[in-house]
file upload37.txt (compact mmCIF, C-alpha atoms)
# COMPACT_ATOMS: atom_id res chain seq x y z
CA MET A 1 -8.63 23.27 14.04
CA ARG A 2 -5.33 21.87 15.24
CA THR A 3 -2.96 23.12 17.85
CA ASP A 4 0.56 24.00 16.88
CA THR A 5 2.56 20.80 16.88
CA GLY A 6 6.14 21.74 17.63
CA THR A 7 5.48 22.38 21.31
CA GLY A 8 3.61 20.94 24.23
CA LEU A 9 3.70 17.26 23.31
CA PRO A 10 3.40 15.01 26.34
CA GLU A 11 6.68 13.56 27.51
CA GLN A 12 5.48 9.99 26.97
CA ALA A 13 4.71 10.45 23.28
CA LEU A 14 8.06 12.11 22.74
CA GLN A 15 9.92 9.13 24.09
CA ARG A 16 8.94 6.94 21.19
CA HIS A 17 8.42 9.52 18.47
CA THR A 18 11.10 12.04 18.74
CA LYS A 19 10.19 14.38 15.93
CA ASP A 20 7.39 15.59 13.78
CA ILE A 21 7.72 15.27 10.03
CA ARG A 22 7.09 17.73 7.21
CA LEU A 23 7.74 16.86 3.60
CA THR A 24 6.92 18.50 0.29
CA PHE A 25 7.44 16.63 -2.96
CA PRO A 26 6.27 16.59 -6.58
CA SER A 27 3.27 14.54 -7.69
CA SER A 28 4.72 11.38 -9.27
CA PRO A 29 4.79 7.69 -8.34
CA LEU A 30 8.55 7.69 -7.76
CA SER A 31 8.42 10.81 -5.58
CA VAL A 32 5.70 9.16 -3.52
CA ARG A 33 7.88 6.09 -3.12
CA ARG A 34 10.84 8.19 -1.95
CA ALA A 35 8.62 10.15 0.46
CA LEU A 36 7.29 6.92 1.97
CA GLN A 37 10.80 5.59 2.44
CA THR A 38 11.83 8.84 4.16
CA ILE A 39 8.87 8.74 6.54
CA ILE A 40 9.28 5.06 7.35
CA ALA A 41 12.96 5.61 8.10
CA ASP A 42 11.89 8.32 10.56
CA LEU A 43 9.46 5.97 12.31
CA GLN A 44 11.86 3.18 13.22
CA GLU A 45 10.62 3.28 16.85
CA LEU A 46 7.25 1.87 15.75
CA GLU A 47 6.42 -1.82 15.83
CA ILE A 48 6.84 -3.41 12.39
CA GLU A 49 3.07 -3.98 12.12
CA GLU A 50 2.32 -0.32 12.90
CA ARG A 51 4.95 0.86 10.46
CA GLY A 52 3.40 -1.35 7.78
CA SER A 53 -0.02 0.20 8.37
CA VAL A 54 1.37 3.74 8.24
CA GLU A 55 3.20 3.05 4.98
CA LEU A 56 0.16 1.40 3.41
CA VAL A 57 -2.33 4.15 4.35
CA LEU A 58 0.06 6.89 3.22
CA ALA A 59 0.77 5.06 -0.04
CA GLU A 60 -2.95 4.81 -0.81
CA VAL A 61 -3.66 8.46 0.06
CA LEU A 62 -0.65 9.77 -1.88
CA ASN A 63 -1.25 7.53 -4.90
CA ASN A 64 -4.80 8.88 -5.03
CA VAL A 65 -3.46 12.43 -5.16
CA VAL A 66 -1.05 11.51 -7.97
CA GLU A 67 -3.64 9.57 -9.98
CA HIS A 68 -6.85 11.52 -9.33
CA ALA A 69 -6.26 15.00 -7.88
CA TYR A 70 -3.49 15.80 -10.37
CA GLY A 71 -3.69 12.91 -12.85
CA ALA A 72 -0.95 11.80 -15.22
CA GLU A 73 -1.09 15.02 -17.29
CA GLU A 74 -0.67 17.45 -14.44
CA ARG A 75 2.28 18.31 -12.24
CA GLY A 76 1.97 19.74 -8.77
CA TRP A 77 3.18 19.58 -5.21
CA ILE A 78 2.08 17.39 -2.34
CA SER A 79 2.76 18.31 1.26
CA LEU A 80 2.67 15.88 4.13
CA GLU A 81 2.76 16.62 7.83
CA CYS A 82 2.92 14.08 10.61
CA ALA A 83 2.53 14.96 14.28
CA SER A 84 2.90 12.52 17.12
CA GLN A 85 0.25 12.81 19.82
CA PRO A 86 -0.88 10.57 22.69
CA ASP A 87 -3.72 9.08 20.59
CA GLY A 88 -1.53 8.24 17.61
CA LEU A 89 0.07 9.79 14.57
CA HIS A 90 -1.88 12.68 13.05
CA PHE A 91 -1.38 13.24 9.34
CA ARG A 92 -2.26 16.16 7.09
CA ILE A 93 -1.91 15.85 3.32
CA ARG A 94 -2.37 18.86 1.07
CA ASP A 95 -2.35 19.27 -2.69
CA GLU A 96 -3.49 21.78 -5.30
CA GLY A 97 -5.17 19.30 -7.62
CA ARG A 98 -8.80 18.74 -8.49
CA PRO A 99 -11.29 18.43 -5.59
CA MET A 100 -12.70 15.07 -4.60
CA PRO A 101 -15.96 14.20 -6.36
CA LYS A 102 -18.88 15.72 -4.36
CA ASP A 103 -16.27 17.12 -1.96
CA THR A 104 -16.43 13.85 -0.04
CA PRO A 105 -13.86 11.09 0.48
CA PRO A 106 -15.19 7.69 -0.68
CA MET A 107 -16.54 5.31 1.97
CA GLY A 108 -14.48 2.47 0.50
CA ALA A 109 -17.01 -0.20 1.39
CA PRO A 110 -15.76 -3.63 0.33
CA ALA A 111 -17.72 -5.27 -2.49
CA PRO A 112 -18.20 -9.04 -2.26
CA LEU A 113 -15.63 -10.84 -4.38
CA PRO A 114 -17.15 -12.52 -7.43
CA GLU A 115 -16.88 -16.26 -7.99
CA GLN A 116 -15.36 -16.06 -11.46
CA ARG A 117 -11.80 -14.91 -11.73
CA GLU A 118 -12.38 -12.85 -14.87
CA HIS A 119 -14.70 -10.60 -12.85
CA LEU A 120 -12.29 -9.99 -9.98
CA PRO A 121 -11.62 -6.28 -9.38
CA GLU A 122 -8.11 -4.98 -10.11
CA GLY A 123 -8.63 -1.74 -8.21
CA GLY A 124 -10.88 0.05 -5.76
CA PHE A 125 -9.14 -1.32 -2.67
CA GLY A 126 -7.37 1.91 -1.79
CA TRP A 127 -10.10 3.69 0.15
CA PHE A 128 -11.16 0.48 1.83
CA LEU A 129 -7.61 0.10 3.20
CA ILE A 130 -7.42 3.77 4.25
CA ARG A 131 -10.72 3.53 6.14
CA ASP A 132 -9.82 0.21 7.70
CA LEU A 133 -6.41 1.25 9.03
CA SER A 134 -6.99 4.90 9.97
CA ARG A 135 -9.40 6.96 12.08
CA ASP A 136 -11.02 10.42 11.95
CA VAL A 137 -10.69 10.84 8.17
CA GLN A 138 -11.65 14.41 7.24
CA TYR A 139 -11.49 16.16 3.90
CA ARG A 140 -11.74 19.88 3.26
CA ARG A 141 -11.51 21.94 0.11
CA LEU A 142 -9.76 25.19 0.96
CA ASP A 143 -9.75 27.69 -1.90
CA GLU A 144 -7.66 25.89 -4.55
CA MET A 145 -6.34 23.25 -2.18
CA ASN A 146 -7.33 19.79 -0.93
CA GLU A 147 -6.66 18.91 2.68
CA LEU A 148 -7.04 15.40 4.04
CA THR A 149 -6.45 14.72 7.73
CA PHE A 150 -6.51 11.39 9.53
CA ARG A 151 -5.04 9.60 12.52
CA ILE A 152 -3.40 6.21 12.84
CA ASN A 153 -3.51 4.51 16.22
CA ILE A 154 -0.20 3.43 17.58
CA ASP A 155 0.74 1.88 20.86
CA ALA A 156 2.25 4.83 22.75
CA THR A 157 3.34 2.79 25.73
CA PRO A 158 7.05 3.24 26.27
CA LYS A 159 8.93 -0.01 25.87
CA ALA A 160 10.16 -1.61 29.10
CA ASN A 161 13.92 -1.74 29.39
CA MET B 1 11.92 -4.58 -11.08
CA HIS B 2 13.08 -7.91 -12.43
CA LEU B 3 11.61 -11.42 -12.31
CA SER B 4 13.70 -14.61 -12.23
CA ILE B 5 12.11 -17.73 -13.58
CA ARG B 6 12.98 -21.36 -13.03
CA THR B 7 11.28 -24.74 -12.99
CA GLU B 8 11.21 -27.12 -10.04
CA LYS B 9 9.31 -30.41 -9.82
CA GLY B 10 7.14 -29.41 -12.75
CA ALA B 11 6.15 -26.04 -11.28
CA THR B 12 7.24 -22.69 -12.67
CA ILE B 13 8.69 -20.47 -9.97
CA ILE B 14 8.71 -16.74 -10.60
CA SER B 15 10.71 -14.83 -8.01
CA VAL B 16 10.23 -11.08 -7.68
CA ASP B 17 13.69 -9.51 -7.43
CA ALA B 18 12.44 -6.28 -5.85
CA THR B 19 11.41 -5.13 -2.40
CA ARG B 20 8.27 -3.28 -3.54
CA ILE B 21 5.33 -3.90 -5.83
CA ASP B 22 3.82 -0.41 -5.76
CA ALA B 23 2.12 2.12 -8.02
CA ALA B 24 5.46 3.03 -9.62
CA VAL B 25 6.01 -0.49 -11.00
CA ALA B 26 2.52 -2.04 -11.13
CA ILE B 27 2.09 -1.84 -14.91
CA ARG B 28 5.62 -3.10 -15.57
CA PHE B 29 5.07 -5.98 -13.13
CA LYS B 30 1.89 -7.01 -14.95
CA ASP B 31 3.70 -6.96 -18.31
CA LEU B 32 6.69 -8.91 -16.95
CA MET B 33 4.30 -11.50 -15.54
CA ARG B 34 2.66 -11.95 -18.92
CA ASP B 35 6.04 -12.57 -20.55
CA ALA B 36 7.17 -14.87 -17.73
CA ALA B 37 4.05 -17.05 -17.89
CA GLU B 38 3.83 -17.25 -21.67
CA GLY B 39 3.82 -20.79 -23.01
CA ARG B 40 4.11 -22.47 -19.60
CA SER B 41 1.56 -24.88 -18.25
CA GLY B 42 0.38 -25.95 -14.83
CA ARG B 43 1.31 -24.35 -11.54
CA ILE B 44 2.98 -20.96 -11.51
CA ILE B 45 4.31 -20.05 -8.07
CA LEU B 46 4.96 -16.37 -7.46
CA ASP B 47 7.74 -16.12 -4.87
CA LEU B 48 7.24 -12.88 -2.90
CA GLY B 49 9.97 -13.60 -0.34
CA ARG B 50 11.96 -10.46 -1.15
CA VAL B 51 8.93 -8.15 -1.27
CA ASP B 52 8.40 -6.14 1.91
CA PHE B 53 5.77 -3.69 0.64
CA ILE B 54 2.75 -3.91 -1.62
CA ASP B 55 0.02 -1.31 -2.11
CA SER B 56 -3.40 -1.60 -3.75
CA SER B 57 -1.88 -0.93 -7.19
CA GLY B 58 0.53 -3.84 -6.66
CA LEU B 59 -2.31 -6.03 -5.42
CA GLY B 60 -4.33 -5.09 -8.52
CA ALA B 61 -1.36 -6.00 -10.71
CA ILE B 62 -1.16 -9.48 -9.15
CA VAL B 63 -4.90 -9.93 -9.72
CA ALA B 64 -4.43 -8.75 -13.31
CA ALA B 65 -1.54 -11.19 -13.73
CA MET B 66 -3.85 -14.01 -12.69
CA LYS B 67 -6.65 -12.88 -15.00
CA GLN B 68 -4.33 -12.77 -18.00
CA LEU B 69 -3.15 -16.38 -17.52
CA GLU B 70 -3.66 -18.85 -20.33
CA LYS B 71 -5.86 -21.89 -20.03
CA GLY B 72 -4.25 -24.61 -17.90
CA GLN B 73 -2.12 -22.17 -15.91
CA LYS B 74 -2.72 -21.61 -12.20
CA LEU B 75 -1.17 -18.82 -10.09
CA GLU B 76 -0.17 -19.51 -6.48
CA LEU B 77 1.65 -17.24 -4.03
CA ALA B 78 4.50 -18.10 -1.69
CA ALA B 79 6.58 -16.58 1.12
CA LEU B 80 4.51 -13.49 1.89
CA ASN B 81 5.97 -11.33 4.63
CA SER B 82 3.59 -9.99 7.30
CA ASN B 83 2.88 -6.62 5.65
CA VAL B 84 2.19 -8.21 2.28
CA ASP B 85 0.04 -10.92 3.83
CA LYS B 86 -1.99 -8.24 5.64
CA VAL B 87 -2.99 -6.57 2.35
CA PHE B 88 -4.25 -9.91 1.00
CA ARG B 89 -6.17 -10.65 4.20
CA LEU B 90 -7.79 -7.22 4.54
CA THR B 91 -9.03 -7.26 0.94
CA ARG B 92 -9.96 -10.97 1.26
CA MET B 93 -7.79 -11.73 -1.77
CA ASP B 94 -6.31 -14.48 0.42
CA THR B 95 -9.49 -16.41 -0.45
CA VAL B 96 -8.76 -16.09 -4.18
CA PHE B 97 -5.14 -17.28 -4.33
CA PRO B 98 -3.59 -20.41 -2.83
CA ILE B 99 -1.00 -19.00 -0.42
CA HIS B 100 2.00 -21.00 0.78
CA ASP B 101 4.06 -20.12 3.85
CA SER B 102 7.32 -20.81 2.08
CA LEU B 103 8.67 -21.59 -1.36
CA GLY B 104 9.55 -25.07 -0.11
CA SER B 105 6.00 -25.89 0.93
CA ALA B 106 4.73 -24.35 -2.31
CA VAL B 107 6.87 -26.67 -4.41
CA ALA B 108 5.76 -29.60 -2.24
CA GLY B 109 2.18 -28.51 -2.96
CA HIS B 110 0.66 -27.74 0.42
CA ALA B 111 -1.24 -24.46 0.76
CA HIS B 112 -2.10 -23.20 4.25

call {"tool": "encode", "arguments": {"input": "upload37.txt", "output": "structure tokens"}}
result
Amino acid sequence: MRTDTGTGLPEQALQRHTKDIRLTFPSSPLSVRRALQTIIADLQELEIEERGSVELVLAEVLNNVVEHAYGAEERGWISLECASQPDGLHFRIRDEGRPMPKDTPPMGAPAPLPEQREHLPEGGFGWFLIRDLSRDVQYRRLDEMNELTFRINIDATPKAN
Amino acid sequence: MHLSIRTEKGATIISVDATRIDAAVAIRFKDLMRDAAEGRSGRIILDLGRVDFIDSSGLGAIVAAMKQLEKGQKLELAALNSNVDKVFRLTRMDTVFPIHDSLGSAVAGHAH
């Protein structure tokens, strides 16, 4: 499905994104926070806006794994891979938690906001943000494992000196 | 996560002394906001100037903080950095809260 990432990256992509990233960490909110900080520190070459989008999408995806795939009662591992390619950053997130309902990632369509403040939603924005800020979202259940892949567009033009 | 509270020109200013409002602190943030707002009246300005990251859990906690306000209290937001502002715009929550560019303009009472 995906070519091996360590080799064969075009020279231009390598100039801005010098390395691919692989992380494995336990399913907990604080581990997710530390993982995000590690990844963002590795992506300093990105524009601040792009880095913000990457951190937000990853936070939503990883929080979903912690809260839904494993849930508060269950412990497990999450693995994250990031590969830099000419059309953006390609991510692959794997976990051994419960499958997504109906084996399908939610569409995350935005509901109209109600007039009255007591009816405002306090959740349900996560998948909307993931869909809005990423491309090519694909989910697969592989044996006892969930795999979510997606791409985030970044401007791969090398900066002028 | 810690909130500092002060009063200026009749408005309560709650400053978030943390760089993130994320899933790890969302529930604590909501509880701290309840304590901070208790017994106050009028405008409550949430100063987000130090916050550089918010996720949907943090956004939900700010919405929850507004919904748990007492009668006569009104929550406004100030000094959102670009990544925080983006989350409010994308979810259209920027139409729900008065948002001020800076704490100064918030205290003066002009929302953008």

call {"tool": "closest_residue", "arguments": {"input": "upload37.txt", "among": "B:Arg6, B:His100, B:Arg34, B:Arg20", "to": "chain A", "atoms": "only C-alpha atoms"}}
result
B:Arg20

call {"tool": "closest_atom_pairs", "arguments": {"input": "upload37.txt", "of": "chain B", "to": "chain A", "cutoff": "7 Å", "atoms": "only C-alpha atoms", "output": "CSV"}}
result
residue,atom,partner,partner_atom,distance
B:Ala23,CA,A:Pro29,CA,6.2
B:Ala24,CA,A:Pro29,CA,4.9
B:Asp55,CA,A:Leu56,CA,6.2
B:Ser56,CA,A:Gly126,CA,5.7
B:Ser57,CA,A:Gly123,CA,6.9
B:Gly60,CA,A:Glu122,CA,4.1
B:Ala61,CA,A:Glu122,CA,6.9
B:Val63,CA,A:Glu122,CA,5.9
B:Ala64,CA,A:Glu122,CA,6.2
B:Lys67,CA,A:Glu118,CA,5.7
B:Asn83,CA,A:Gly52,CA,5.7
B:Thr91,CA,A:Phe125,CA,7.0

call {"tool": "residues_around", "arguments": {"input": "upload37.txt", "residues": "Val84 of chain B", "least_positions_apart": "5", "cutoff": "10 Å", "atoms": "all atoms listed in the file", "output": "VMD selection string"}}
result
(chain A and resid 52 56) or (chain B and resid 20 to 21 48 to 49 51 to 55 59 79 89)

call {"tool": "write_last_selection", "arguments": {"input": "upload37.txt", "atoms": "C-alpha atoms", "output": "mmCIF file, in the frame of the given file"}}
result
data_model
loop_
_atom_site.group_PDB
_atom_site.id
_atom_site.type_symbol
_atom_site.label_atom_id
_atom_site.label_comp_id
_atom_site.auth_asym_id
_atom_site.auth_seq_id
_atom_site.Cartn_x
_atom_site.Cartn_y
_atom_site.Cartn_z
ATOM 1 C CA GLY A 52 3.400 -1.350 7.780
ATOM 2 C CA LEU A 56 0.160 1.400 3.410
ATOM 3 C CA ARG B 20 8.270 -3.280 -3.540
ATOM 4 C CA ILE B 21 5.330 -3.900 -5.830
ATOM 5 C CA LEU B 48 7.240 -12.880 -2.900
ATOM 6 C CA GLY B 49 9.970 -13.600 -0.340
ATOM 7 C CA VAL B 51 8.930 -8.150 -1.270
ATOM 8 C CA ASP B 52 8.400 -6.140 1.910
ATOM 9 C CA PHE B 53 5.770 -3.690 0.640
ATOM 10 C CA ILE B 54 2.750 -3.910 -1.620
ATOM 11 C CA ASP B 55 0.020 -1.310 -2.110
ATOM 12 C CA LEU B 59 -2.310 -6.030 -5.420
ATOM 13 C CA ALA B 79 6.580 -16.580 1.120
ATOM 14 C CA ARG B 89 -6.170 -10.650 4.200
#

call {"tool": "closest_residue", "arguments": {"input": "upload37.txt", "among": "A:Asp136, A:Glu45, A:Glu144, A:Asp20", "to": "Leu80 of chain A", "atoms": "only C-alpha atoms"}}
result
A:Asp20

call {"tool": "atom_distance", "arguments": {"input": "upload37.txt", "atom1": "atom CA of Glu147 of chain A", "atom2": "atom CA of Tyr70 of chain A"}}
result
13.8 Å

call {"tool": "atom_distance", "arguments": {"input": "upload37.txt", "atom1": "atom CA of Ile130 of chain A", "atom2": "atom CA of Val61 of chain A"}}
result
7.3 Å

call {"tool": "residues_around", "arguments": {"input": "upload37.txt", "residues": "Ala36 of chain B", "least_positions_apart": "5", "cutoff": "8 Å", "atoms": "only C-alpha atoms", "output": "CSV table (one decimal) with C-alpha atoms, in the frame of the given file"}}
result
chain,number,residue,atom,x,y,z
B,3,LEU,CA,11.6,-11.4,-12.3
B,5,ILE,CA,12.1,-17.7,-13.6
B,14,ILE,CA,8.7,-16.7,-10.6

call {"tool": "atom_distance", "arguments": {"input": "upload37.txt", "atom1": "atom CA of Glu8 of chain B", "atom2": "atom CA of Val107 of chain B"}}
result
7.1 Å

call {"tool": "residues_near_point", "arguments": {"input": "upload37.txt", "point": "(3.8, -18.9, -9.4)", "cutoff": "7 Å", "atoms": "only C-alpha atoms", "output": "ChimeraX atom specification"}}
result
/B:12-14,43-47,75-77

call {"tool": "residues_around", "arguments": {"input": "upload37.txt", "residues": "Ala83 of chain A", "least_positions_apart": "3", "cutoff": "7 Å", "atoms": "all atoms listed in the file", "output": "list in words"}}
result
Thr5, Asp20, Ile21, Leu89, His90 and Phe91 of chain A

call {"tool": "residues_around", "arguments": {"input": "upload37.txt", "residues": "Ser41 of chain B", "least_positions_apart": "2", "cutoff": "10 Å", "atoms": "only C-alpha atoms", "output": "number ranges by chain"}}
result
B: 10-12, 37-39, 43-44, 69-74

call {"tool": "decode", "arguments": {"input": "upload37.txt", "residues": "segment 108-134 of chain A", "atoms": "C-alpha atoms", "output": "tab-separated table (two decimals), in the first residue's frame"}}
result
chain	number	residue	atom	x	y	z
A	108	GLY	CA	-17.55	14.83	11.07
A	109	ALA	CA	-20.12	17.00	9.34
A	110	PRO	CA	-20.64	20.24	11.27
A	111	ALA	CA	-24.06	20.63	12.89
A	112	PRO	CA	-25.56	24.13	12.89
A	113	LEU	CA	-24.92	25.86	16.20
A	114	PRO	CA	-28.09	26.32	18.25
A	115	GLU	CA	-29.30	29.76	19.29
A	116	GLN	CA	-29.50	29.03	23.00
A	117	ARG	CA	-26.27	28.68	24.88
A	118	GLU	CA	-27.50	25.82	27.05
A	119	HIS	CA	-27.83	23.69	23.90
A	120	LEU	CA	-24.34	24.39	22.57
A	121	PRO	CA	-22.33	21.20	21.97
A	122	GLU	CA	-19.29	20.57	24.20
A	123	GLY	CA	-17.86	17.89	21.95
A	124	GLY	CA	-18.08	16.33	18.52
A	125	PHE	CA	-15.69	18.79	16.89
A	126	GLY	CA	-12.78	16.37	16.64
A	127	TRP	CA	-13.64	14.57	13.42
A	128	PHE	CA	-14.81	17.78	11.81
A	129	LEU	CA	-11.35	19.29	12.44
A	130	ILE	CA	-9.56	16.14	11.22
A	131	ARG	CA	-11.56	16.10	7.98
A	132	ASP	CA	-11.17	19.83	7.46
A	133	LEU	CA	-7.39	19.95	7.90
A	134	SER	CA	-6.29	16.63	6.39
